[in-house]
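K.L.:
Just one file: work-v6.txt, with compact mmCIF, C-alpha atoms.
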# COMPACT_ATOMS: atom_id res chain seq x y z
CA MET U 1 21.33 -24.44 20.14
CA TYR U 2 20.12 -21.35 18.30
CA PRO U 3 22.36 -21.01 15.25
CA LEU U 4 23.59 -17.50 14.43
CA ILE U 5 21.34 -17.15 11.37
CA ALA U 6 18.28 -18.17 13.41
CA ARG U 7 19.13 -15.56 16.05
CA ILE U 8 19.83 -12.76 13.56
CA THR U 9 16.67 -13.43 11.55
CA HIS U 10 14.68 -13.67 14.80
CA TRP U 11 15.70 -10.17 15.92
CA ILE U 12 15.35 -8.61 12.47
CA ASN U 13 11.91 -10.18 12.32
CA ALA U 14 11.05 -8.74 15.74
CA ALA U 15 12.03 -5.22 14.59
CA ALA U 16 10.34 -5.47 11.17
CA MET U 17 7.19 -6.98 12.70
CA THR U 18 7.01 -4.15 15.26
CA VAL U 19 7.09 -1.57 12.46
CA MET U 20 4.63 -3.53 10.28
CA ILE U 21 2.08 -3.96 13.09
CA GLY U 22 2.45 -0.43 14.49
CA SER U 23 2.13 1.20 11.06
CA GLY U 24 -0.55 -1.31 10.03
CA TRP U 25 -2.71 -0.23 12.96
CA GLN U 26 -2.38 3.42 11.91
CA ILE U 27 -3.38 2.46 8.34
CA TYR U 28 -6.32 0.46 9.74
CA ASN U 29 -7.44 3.55 11.69
CA ALA U 30 -7.81 5.53 8.43
CA SER U 31 -10.80 3.32 7.52
CA PRO U 32 -11.57 0.79 10.28
CA LEU U 33 -13.01 -2.55 9.15
CA PHE U 34 -14.62 -3.15 12.53
CA PRO U 35 -16.25 -0.83 15.08
CA PHE U 36 -13.01 -0.02 16.91
CA ALA U 37 -9.76 1.84 16.31
CA PHE U 38 -6.28 1.22 17.71
CA PRO U 39 -5.18 3.72 20.39
CA SER U 40 -2.80 6.22 18.80
CA TRP U 41 -0.04 5.61 21.37
CA LEU U 42 0.19 2.03 20.02
CA THR U 43 0.55 3.09 16.38
CA LEU U 44 3.59 4.09 14.33
CA GLY U 45 3.58 6.98 11.87
CA HIS U 46 1.83 10.16 12.94
CA TRP U 47 -0.51 10.22 9.94
CA LEU U 48 -1.64 7.84 7.17
CA GLY U 49 1.07 8.88 4.68
CA ALA U 50 3.88 8.31 7.17
CA ALA U 51 2.41 4.97 8.30
CA LEU U 52 2.17 3.81 4.67
CA ALA U 53 5.76 4.89 4.01
CA LEU U 54 6.88 2.84 7.02
CA HIS U 55 4.72 -0.14 6.05
CA PHE U 56 5.92 -0.22 2.44
CA ALA U 57 9.56 0.17 3.51
CA ALA U 58 9.56 -2.42 6.32
CA MET U 59 7.69 -4.95 4.18
CA TRP U 60 10.87 -5.53 2.15
CA LEU U 61 12.88 -6.18 5.30
CA LEU U 62 10.21 -8.50 6.70
CA ALA U 63 9.83 -10.49 3.47
CA ALA U 64 13.56 -10.73 2.69
CA ASN U 65 14.34 -11.77 6.26
CA PHE U 66 11.54 -14.34 6.26
CA ALA U 67 12.78 -15.76 2.95
CA LEU U 68 16.33 -15.95 4.35
CA TYR U 69 15.10 -17.80 7.46
CA LEU U 70 12.96 -20.20 5.42
CA GLY U 71 15.74 -20.88 2.92
CA TYR U 72 18.28 -21.47 5.66
CA GLY U 73 15.83 -23.46 7.83
CA VAL U 74 14.77 -25.80 5.05
CA ILE U 75 18.23 -26.38 3.53
CA SER U 76 20.03 -26.85 6.86
CA GLY U 77 17.28 -29.04 8.28
CA HIS U 78 16.89 -26.64 11.23
CA ILE U 79 13.12 -26.32 10.71
CA ARG U 80 12.60 -30.07 10.28
CA ARG U 81 14.64 -30.89 13.38
CA ARG U 82 13.31 -28.15 15.65
CA LEU U 83 9.68 -27.72 14.58
CA PHE U 84 8.67 -31.20 13.46
CA PRO U 85 7.10 -33.69 13.80
CA LEU U 86 3.65 -32.37 14.69
CA ARG U 87 1.65 -35.27 16.12
CA PRO U 88 -1.91 -34.54 17.34
CA ARG U 89 -1.54 -36.95 20.28
CA GLU U 90 1.66 -35.25 21.52
CA ILE U 91 0.19 -31.80 20.99
CA TRP U 92 -2.91 -32.76 23.01
CA HIS U 93 -0.83 -34.30 25.78
CA ASP U 94 1.56 -31.30 26.02
CA ALA U 95 -1.29 -28.79 25.77
CA MET U 96 -3.10 -30.42 28.71
CA ALA U 97 0.16 -30.44 30.70
CA ALA U 98 0.74 -26.76 29.84
CA LEU U 99 -2.74 -25.81 31.06
CA ARG U 100 -1.93 -27.46 34.42
CA PHE U 101 1.42 -25.59 34.44
CA ARG U 102 3.22 -28.93 34.33
CA LEU U 103 4.97 -28.53 31.00
CA PRO U 104 8.73 -27.99 31.41
CA HIS U 105 10.36 -25.42 29.09
CA ASP U 106 13.46 -26.72 27.36
CA SER U 107 15.27 -24.52 24.83
CA ALA U 108 17.24 -27.56 23.66
CA GLN U 109 14.17 -29.50 22.60
CA TYR U 110 10.81 -27.86 21.92
CA ASN U 111 7.69 -29.53 23.30
CA ALA U 112 4.81 -30.29 20.90
CA VAL U 113 2.87 -27.13 21.81
CA GLN U 114 5.89 -24.93 21.08
CA ARG U 115 6.46 -26.71 17.77
CA LEU U 116 2.83 -26.20 16.79
CA LEU U 117 2.82 -22.50 17.76
CA TYR U 118 6.06 -21.76 15.90
CA VAL U 119 4.78 -23.51 12.77
CA LEU U 120 1.46 -21.66 13.06
CA VAL U 121 3.08 -18.25 13.44
CA GLY U 122 5.30 -19.05 10.43
CA CYS U 123 2.12 -19.74 8.46
CA GLY U 124 0.64 -16.52 9.87
CA ILE U 125 3.60 -14.47 8.59
CA ALA U 126 3.35 -16.17 5.18
CA LEU U 127 -0.38 -15.39 5.07
CA ALA U 128 0.26 -11.77 6.09
CA ILE U 129 2.79 -11.40 3.25
CA VAL U 130 0.59 -13.06 0.63
CA SER U 131 -2.60 -11.19 1.63
CA GLY U 132 -0.57 -7.98 1.85
CA LEU U 133 0.59 -8.45 -1.75
CA ALA U 134 -3.03 -9.16 -2.77
CA ILE U 135 -4.31 -5.84 -1.39
CA TRP U 136 -1.25 -3.87 -2.51
CA LYS U 137 -1.59 -5.07 -6.13
CA PRO U 138 -5.19 -6.22 -6.67
CA VAL U 139 -4.92 -5.51 -10.42
CA GLN U 140 -1.35 -6.53 -11.33
CA LEU U 141 -1.53 -9.62 -9.06
CA TYR U 142 -5.21 -10.22 -9.77
CA PRO U 143 -5.03 -14.06 -9.72
CA LEU U 144 -3.60 -13.92 -6.19
CA THR U 145 -6.30 -11.49 -5.04
CA LEU U 146 -8.94 -13.70 -6.65
CA VAL U 147 -7.69 -16.78 -4.77
CA LEU U 148 -8.01 -14.82 -1.51
CA GLY U 149 -11.64 -13.95 -2.32
CA GLY U 150 -11.18 -10.52 -3.95
CA TYR U 151 -9.92 -7.19 -2.60
CA GLU U 152 -12.38 -6.75 0.27
CA VAL U 153 -12.03 -10.33 1.54
CA ALA U 154 -8.23 -10.18 1.21
CA ARG U 155 -8.24 -7.05 3.44
CA ARG U 156 -9.96 -9.09 6.14
CA VAL U 157 -7.56 -12.01 5.62
CA HIS U 158 -4.67 -9.55 6.12
CA PHE U 159 -6.29 -8.36 9.37
CA LEU U 160 -6.82 -11.98 10.47
CA ALA U 161 -3.17 -12.85 9.80
CA MET U 162 -2.09 -9.82 11.87
CA SER U 163 -4.45 -10.89 14.69
CA GLY U 164 -2.95 -14.38 14.75
CA ILE U 165 0.60 -13.00 14.84
CA VAL U 166 -0.29 -10.56 17.64
CA ALA U 167 -1.94 -13.36 19.65
CA PHE U 168 1.26 -15.40 19.23
CA ILE U 169 3.39 -12.43 20.35
CA VAL U 170 1.30 -12.01 23.53
CA VAL U 171 1.80 -15.69 24.46
CA HIS U 172 5.45 -15.62 23.35
CA LEU U 173 6.33 -12.53 25.45
CA THR U 174 4.40 -13.88 28.45
CA LEU U 175 6.42 -17.09 28.34
CA VAL U 176 9.68 -15.14 27.98
CA ALA U 177 8.69 -13.22 31.11
CA ILE U 178 8.05 -16.51 32.93
CA VAL U 179 11.26 -18.17 31.66
CA PRO U 180 13.68 -15.21 31.20
CA SER U 181 16.68 -17.45 30.44
CA THR U 182 15.23 -18.02 26.93
CA LEU U 183 15.98 -14.37 26.18
CA ARG U 184 19.68 -14.99 26.89
CA HIS U 185 19.58 -18.11 24.72
CA MET U 186 18.16 -16.15 21.78
CA ILE U 187 20.93 -13.55 22.13
CA THR U 188 24.01 -15.66 22.91
CA GLY U 189 22.89 -18.91 21.31
CA ARG U 190 23.94 -20.92 24.36
CA THR U 191 21.61 -22.72 26.72
CA MET V 1 19.34 21.94 -18.97
CA ILE V 2 18.33 20.35 -15.70
CA ASP V 3 18.47 16.57 -15.69
CA PRO V 4 14.83 15.56 -15.06
CA SER V 5 15.70 12.68 -12.79
CA LEU V 6 17.90 14.87 -10.58
CA HIS V 7 15.28 17.56 -10.49
CA ARG V 8 12.66 15.01 -9.58
CA ARG V 9 14.75 13.53 -6.83
CA GLY V 10 15.45 16.93 -5.31
CA LEU V 11 11.84 17.96 -5.44
CA ARG V 12 10.67 14.79 -3.84
CA ARG V 13 13.22 14.89 -1.12
CA ALA V 14 12.40 18.48 -0.25
CA SER V 15 8.68 17.87 -0.19
CA ARG V 16 8.66 14.56 1.56
CA ARG V 17 11.05 15.56 4.27
CA LEU V 18 8.46 17.97 5.63
CA PHE V 19 5.89 15.30 6.16
CA LEU V 20 7.75 12.24 7.12
CA ARG V 21 9.55 14.19 9.80
CA GLY V 22 8.30 13.13 13.18
CA THR V 23 7.07 9.88 11.73
CA LEU V 24 8.61 7.71 14.39
CA SER V 25 8.34 7.84 18.11
CA ILE V 26 11.53 7.98 20.15
CA GLY V 27 11.28 4.28 21.00
CA ALA V 28 10.77 3.15 17.45
CA LEU V 29 13.51 5.43 16.18
CA SER V 30 16.09 3.98 18.54
CA LEU V 31 14.81 0.52 17.72
CA LEU V 32 15.26 1.12 14.00
CA THR V 33 18.47 3.06 13.89
CA GLY V 34 20.04 2.92 17.30
CA CYS V 35 20.62 6.65 16.81
CA ASN V 36 19.56 9.73 18.68
CA LEU V 37 16.79 12.11 17.73
CA GLU V 38 19.03 14.43 15.70
CA ASP V 39 18.96 11.74 13.04
CA ASP V 40 15.31 12.35 12.23
CA ASP V 41 16.28 13.36 8.71
CA ALA V 42 18.06 10.04 8.24
CA VAL V 43 14.80 8.15 8.81
CA ASP V 44 13.13 10.51 6.37
CA ARG V 45 15.76 9.89 3.74
CA VAL V 46 15.43 6.12 4.14
CA LEU V 47 11.65 6.28 3.80
CA SER V 48 11.86 8.59 0.76
CA ALA V 49 14.43 6.32 -0.88
CA MET V 50 12.22 3.29 -0.21
CA SER V 51 9.23 5.12 -1.70
CA ARG V 52 11.23 5.81 -4.89
CA TRP V 53 12.32 2.16 -4.94
CA ASN V 54 8.64 1.20 -4.64
CA ASP V 55 7.86 3.50 -7.62
CA THR V 56 10.43 1.55 -9.65
CA VAL V 57 9.10 -1.84 -8.56
CA GLN V 58 5.50 -0.84 -9.32
CA ALA V 59 6.43 0.51 -12.75
CA ALA V 60 8.12 -2.84 -13.48
CA LEU V 61 5.09 -4.80 -12.21
CA PHE V 62 2.69 -2.68 -14.28
CA SER V 63 1.48 -4.42 -17.40
CA ARG V 64 -0.45 -2.55 -20.09
CA ALA V 65 -2.10 -5.85 -21.00
CA ARG V 66 -3.40 -6.45 -17.46
CA MET V 67 -6.96 -5.13 -17.17
CA ALA V 68 -8.56 -4.11 -13.90
CA PRO V 69 -11.42 -6.53 -13.12
CA THR V 70 -14.86 -5.35 -14.24
CA TYR V 71 -18.18 -5.99 -12.53
CA PRO V 72 -21.89 -6.29 -13.40
CA GLU V 73 -24.24 -3.29 -12.90
CA ALA V 74 -25.74 -5.00 -9.84
CA ASP V 75 -22.41 -4.68 -7.99
CA ILE V 76 -22.27 -0.87 -8.24
CA THR V 77 -21.93 0.70 -4.78
CA ASP V 78 -24.94 2.87 -3.99
CA PRO V 79 -24.50 5.51 -2.75
CA PHE V 80 -20.95 5.83 -4.06
CA PRO V 81 -18.79 7.51 -1.38
CA PHE V 82 -17.64 11.11 -1.71
CA ASN V 83 -14.02 11.73 -0.78
CA ALA V 84 -11.69 14.71 -1.22
CA TYR V 85 -9.27 16.84 0.76
CA TYR V 86 -12.26 19.07 1.66
CA LYS V 87 -15.79 18.44 2.91
CA LEU V 88 -18.88 17.76 0.79
CA ASP V 89 -20.28 21.28 1.31
CA GLN V 90 -17.07 22.72 -0.17
CA VAL V 91 -17.42 20.92 -3.52
CA ARG V 92 -16.68 23.27 -6.46
CA HIS V 93 -19.51 23.90 -8.91
CA VAL V 94 -17.98 24.32 -12.34
CA ASP V 95 -19.93 26.03 -15.15
CA GLY V 96 -19.92 23.43 -17.92
CA ALA V 97 -20.60 25.97 -20.69
CA ALA V 98 -17.67 28.20 -19.69
CA TRP V 99 -15.35 25.28 -18.86
CA ARG V 100 -12.29 24.79 -21.07
CA LEU V 101 -9.67 22.06 -20.88
CA GLU V 102 -6.18 23.42 -21.42
CA VAL V 103 -3.52 21.12 -22.92
CA SER V 104 0.17 21.95 -22.72
CA GLY V 105 3.70 20.58 -22.66
CA LEU V 106 4.97 17.98 -25.12
CA VAL V 107 1.95 18.06 -27.46
CA THR V 108 1.48 19.35 -31.00
CA GLU V 109 -2.17 20.46 -30.60
CA ARG V 110 -2.61 23.06 -27.86
CA ARG V 111 -6.09 24.41 -28.49
CA PRO V 112 -8.46 24.31 -25.48
CA TRP V 113 -11.25 21.74 -25.48
CA THR V 114 -14.93 22.29 -24.71
CA LEU V 115 -17.29 19.73 -23.21
CA ALA V 116 -19.00 19.37 -26.59
CA ASP V 117 -15.63 18.64 -28.27
CA LEU V 118 -14.99 15.81 -25.82
CA ALA V 119 -18.54 14.44 -26.03
CA ALA V 120 -18.13 14.23 -29.83
CA LEU V 121 -15.21 11.77 -29.52
CA PRO V 122 -15.78 7.98 -29.38
CA GLN V 123 -16.81 7.03 -25.82
CA ALA V 124 -16.15 3.97 -23.67
CA SER V 125 -17.46 2.91 -20.28
CA GLN V 126 -16.37 0.64 -17.46
CA ILE V 127 -17.64 -0.74 -14.13
CA THR V 128 -14.55 -1.00 -11.95
CA ARG V 129 -13.44 -0.92 -8.33
CA HIS V 130 -12.19 2.36 -6.93
CA ILE V 131 -9.69 1.63 -4.13
CA CYS V 132 -8.89 4.41 -1.69
CA ILE V 133 -5.46 4.75 -0.07
CA GLU V 134 -7.38 4.67 3.24
CA GLY V 135 -8.28 1.04 2.51
CA TRP V 136 -11.98 1.17 1.59
CA SER V 137 -13.21 0.39 -1.90
CA ALA V 138 -16.36 0.99 -3.95
CA ILE V 139 -17.55 -0.07 -7.39
CA GLY V 140 -18.70 2.59 -9.84
CA LYS V 141 -19.53 3.05 -13.50
CA TRP V 142 -17.70 5.71 -15.48
CA GLY V 143 -17.97 6.67 -19.15
CA GLY V 144 -15.89 8.98 -21.31
CA VAL V 145 -13.00 9.28 -23.73
CA PRO V 146 -10.20 6.69 -23.54
CA PHE V 147 -7.24 8.82 -22.48
CA ARG V 148 -4.88 7.24 -25.00
CA ASP V 149 -7.21 8.32 -27.84
CA PHE V 150 -7.18 11.84 -26.45
CA LEU V 151 -3.38 11.84 -26.18
CA ALA V 152 -3.16 10.69 -29.80
CA ARG V 153 -5.47 13.52 -30.92
CA VAL V 154 -3.43 16.22 -29.19
CA GLY V 155 -0.25 14.75 -30.64
CA ALA V 156 1.28 13.94 -27.26
CA ASP V 157 4.87 12.73 -27.17
CA THR V 158 4.19 9.31 -25.69
CA ARG V 159 7.88 8.86 -24.89
CA ALA V 160 7.50 11.57 -22.23
CA ARG V 161 7.56 10.34 -18.63
CA TYR V 162 4.64 12.10 -17.00
CA VAL V 163 1.17 13.46 -17.53
CA SER V 164 0.09 15.99 -14.93
CA PHE V 165 -3.37 17.29 -14.04
CA ARG V 166 -4.52 20.59 -12.52
CA CYS V 167 -8.05 20.88 -11.21
CA ALA V 168 -10.69 23.53 -10.50
CA ASP V 169 -10.60 22.55 -6.81
CA ASP V 170 -6.85 23.37 -6.63
CA TYR V 171 -6.00 19.66 -6.58
CA ARG V 172 -3.04 18.39 -8.57
CA THR V 173 -1.69 14.96 -9.40
CA SER V 174 0.39 13.20 -12.06
CA ILE V 175 0.73 9.73 -13.57
CA ASP V 176 3.30 7.79 -15.57
CA MET V 177 2.95 7.59 -19.36
CA ALA V 178 2.48 3.78 -19.36
CA THR V 179 -0.60 4.14 -17.17
CA ALA V 180 -1.84 7.11 -19.23
CA LEU V 181 -1.79 4.83 -22.30
CA HIS V 182 -3.55 1.92 -20.52
CA LYS V 183 -6.78 0.94 -22.27
CA GLN V 184 -8.93 1.51 -19.18
CA THR V 185 -7.62 4.99 -18.34
CA LEU V 186 -10.53 7.33 -19.15
CA LEU V 187 -11.27 11.03 -19.28
CA ALA V 188 -14.59 10.38 -17.55
CA LEU V 189 -17.57 12.60 -18.37
CA THR V 190 -20.33 10.42 -16.92
CA PHE V 191 -21.08 8.47 -13.75
CA ARG V 192 -23.76 5.76 -14.03
CA ASP V 193 -24.59 6.98 -17.56
CA ALA V 194 -25.43 10.56 -16.44
CA PRO V 195 -23.16 13.64 -16.52
CA LEU V 196 -20.72 13.54 -13.60
CA PRO V 197 -22.37 15.04 -10.51
CA ALA V 198 -20.37 17.92 -8.95
CA MET V 199 -19.31 15.73 -6.02
CA TYR V 200 -17.75 13.19 -8.38
CA GLY V 201 -15.86 15.80 -10.41
CA PHE V 202 -18.06 17.66 -12.95
CA PRO V 203 -17.38 18.23 -15.74
CA MET V 204 -14.49 15.78 -16.14
CA LYS V 205 -12.34 13.51 -13.99
CA LEU V 206 -9.62 11.04 -14.78
CA ARG V 207 -10.66 7.45 -14.11
CA VAL V 208 -7.62 5.19 -13.58
CA PRO V 209 -8.73 1.76 -12.33
CA THR V 210 -5.07 0.65 -12.09
CA LYS V 211 -4.25 3.29 -9.46
CA LEU V 212 -5.48 4.34 -6.03
CA GLY V 213 -8.33 6.84 -5.75
CA PHE V 214 -6.18 9.92 -5.08
CA LYS V 215 -4.59 9.41 -8.54
CA ASN V 216 -8.07 9.97 -10.08
CA PRO V 217 -8.31 13.81 -10.14
CA LYS V 218 -11.74 15.52 -10.39
CA HIS V 219 -12.79 18.84 -12.03
CA ILE V 220 -9.74 18.75 -14.36
CA ILE V 221 -8.94 22.06 -16.07
CA ALA V 222 -5.41 21.51 -17.38
CA ILE V 223 -3.36 18.58 -18.68
CA GLU V 224 0.38 18.75 -19.28
CA VAL V 225 2.70 16.17 -20.87
CA THR V 226 6.16 16.56 -19.38
CA ASN V 227 9.51 15.03 -18.48
CA VAL V 228 9.82 17.10 -15.32
CA TYR V 229 8.47 15.31 -12.23
CA PRO V 230 5.23 17.18 -11.46
CA GLY V 231 4.39 15.71 -8.03
CA GLY V 232 0.88 16.31 -6.77
CA PHE V 233 -1.20 17.47 -3.82
CA TRP V 234 -0.86 14.32 -1.69
CA GLU V 235 2.38 13.17 -3.29
CA ASP V 236 4.09 16.32 -2.03
CA TYR V 237 2.97 15.40 1.48
CA GLY V 238 4.58 11.95 1.15
CA TYR V 239 2.05 9.59 -0.43
CA ASN V 240 3.82 7.15 -2.75
CA TRP V 241 3.85 8.67 -6.23
CA PHE V 242 3.14 5.59 -8.40
CA SER V 243 0.41 4.20 -6.11
CA GLY V 244 -0.62 1.50 -8.57
CA SER V 245 -3.19 -1.20 -7.84
I'd like the structure from this file rewritten - as structure tokens, please.
P.N.:
Amino acid sequence: MYPLIARITHWINAAAMTVMIGSGWQIYNASPLFPFAFPSWLTLGHWLGAALALHFAAMWLLAANFALYLGYGVISGHIRRRLFPLRPREIWHDAMAALRFRLPHDSAQYNAVQRLLYVLVGCGIALAIVSGLAIWKPVQLYPLTLVLGGYEVARRVHFLAMSGIVAFIVVHLTLVAIVPSTLRHMITGRT
Amino acid sequence: MIDPSLHRRGLRRASRRLFLRGTLSIGALSLLTGCNLEDDDAVDRVLSAMSRWNDTVQAALFSRARMAPTYPEADITDPFPFNAYYKLDQVRHVDGAAWRLEVSGLVTERRPWTLADLAALPQASQITRHICIEGWSAIGKWGGVPFRDFLARVGADTRARYVSFRCADDYRTSIDMATALHKQTLLALTFRDAPLPAMYGFPMKLRVPTKLGFKNPKHIIAIEVTNVYPGGFWEDYGYNWFSGS
């Protein structure tokens, strides 16, 4: 049900994303964009230099792993079969059912809400990577930074992408807690 | 003779180890490596190696033809932020008349420079964005001597790898030769068309719009052209050396 490559890239992504978000929050704290800071027990890297070293190391793992998943998912048809189609009517119907706690969870066949959320978080990761490149290299990759509205706007886009990914993770982990068998599926591959 | 690249690697490892140590919490460490805490140094080595890899990638991405974007006067950030490793009331006040710029290393012309000598050279100015490693940015206007013109006048060996800077506030940093020769890299003498105020680095700072703020040293008193990795104040603590924008 979950092919080996999907499972491996899932867990590498989980580890890389943990480092990217934890170190990213420490970097954010060096010059907060908004009137709040992340509590230090939630951050990785005990000072800005260490957090940056973590962030700029884990970014390669995150990006390479994401590219591997996308390449595999597109070529094998895994993404098309598992995450599509996205039909507004089905999404609406399944979302209403989910809100009434009447949406069954089936690892063999995702419902429309799951498909939408997985596609959205994939877009969120892509946006985080692209906006991250734009603020890492605002001169050498100037056209990219320009498309994202310039350095200062791109910083906020990067924050927004992180926020979307974190919101997904909260929902994702809550659902795993409600349906723990999915955890076994993602490790063994069997349903 | 010591191989510069080996020397550089050793220096960086020794200096970075100190700071990256303790970077990860127990949970994250086990998550990353599956190892026990004795392997702290292993995490350090991985992060240092990745930082050197990032230096290589950034040097490859760097294009001497790619100019940092410039802005109109109306976009200048006012007041422009002060930032240093010390507080505003600890800013050094350098005597401009007594100030001399020392030039050493792989150059043919070693005489010290006065402010008047530098002011007599052809000047250029730019309105560019200063981006701090902390994330914030501000737009300023700097004027002074294009650094590549200065390097040509002192007969610098432009095949050398590094140019290093020592400052009156005990700060140090260094840049790669390709960036030193970039058209927008300036020995800045003015800010907003007036002599640099003390807080922005009187009498002279290096303005590098293709690098992060901490690679723009203030109150420079000595410049050296070298093949031996010079490191820098923050670099020795673990900030990425190239830190290009």
K.L.:
Contacts of segment 157-166 of chain U at 12 Å or less, counting all atoms listed in the file, minus same-chain residues fewer than 2 places along, as a ChimeraX atom specification?
P.N.:
/U:13-14,17-18,20-25,27-28,32-34,117-136,145,147-155,168-173 /V:135
K.L.:
Quick one, how far is atom CA of Thr226 of chain V from atom CA of Ala188 of chain V?
P.N.:
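According to the coordinates, atom CA of Thr226 of chain V and atom CA of Ala188 of chain V are separated by 21.7 Å.
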K.L.:
Residues of chain V were defined as contacting chain U if any atom lay at most 7 Å from it, counting all atoms listed in the file; please report them as a ChimeraX atom specification.
P.N.:
/V:20,23-24,47,50-51,61-62,66,68,134-136,210,238-239,245
K.L.:
At a cut-off of 9 Å, using all atoms listed in the file, what residues contact segment 89-92 of chain V? Leave out same-chain residues fewer than 5 positions from it and give the result as a PyMOL selection string.
P.N.:
chain V and resi 84+168-169+198-199+201-202+219
K.L.:
Might you pull out every residue within 9 Å of segment 143-159 of chain V, with only C-alpha atoms counted and same-chain residues fewer than 3 positions away left off, and present them as a PyMOL selection string?
P.N.:
chain V and resi 103+105-111+118-119+121-127+177-178+180-194+204+206-207+225-226
K.L.:
For segment 85-96 of chain V, take all atoms listed in the file, fit an axis-aligned box around them, add 8 Å to each of the six sides, then output centre and edge lengths in Å rounded to one decimal, as AutoDock Vina command-line options.
P.N.:
--center_x -14.8 --center_y 21.4 --center_z -7.5 --size_x 27.0 --size_y 25.2 --size_z 36.8
K.L.:
Report, in Å to a single decimal, how far apart atom CA of Ile91 of chain U and atom CA of Phe66 of chain U are.
P.N.:
25.5 Å
K.L.:
V:Asn83, V:Asn227, V:Thr114, V:Thr179: which is nearest Ser243 of chain V, counting only C-alpha atoms?
P.N.:
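The closest residue to Ser243 of chain V is V:Thr179.
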K.L.:
Up to 9 Å from (8.7, 9.1, -13.6) in the file's coordinates: name the residues, counting only C-alpha atoms, as number ranges by chain.
P.N.:
V: 5, 8, 55-56, 59, 161-162, 175-177, 227-229, 241-242
K.L.:
Quick one: residues within 10 Å of Tyr72 of chain U, only C-alpha atoms counted, chain neighbours fewer than 6 positions away excluded, as a list in words?
P.N.:
Ile5, Ala6, Phe66, His78 and Ile79 of chain U
K.L.:
Could you name the residues that touch Ala108 of chain U at 12 Å or less, counting only C-alpha atoms, but leaving out those on the same chain fewer than 2 positions away, as a count of residues only?
P.N.:
18
K.L.:
For atom CA of Glu224 of chain V and atom CA of Lys205 of chain V, determine how far apart the two atoms are, in Å to one decimal place.
P.N.:
14.7 Å
K.L.:
Using all atoms listed in the file for the distances, tell me which of V:Gly231, V:Gly140, V:Pro195, V:Pro217 is nearest to Pro79 of chain V.
P.N.:
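Going through V:Gly231, V:Gly140, V:Pro195, V:Pro217 one by one, the smallest distance to Pro79 of chain V is for V:Gly140.
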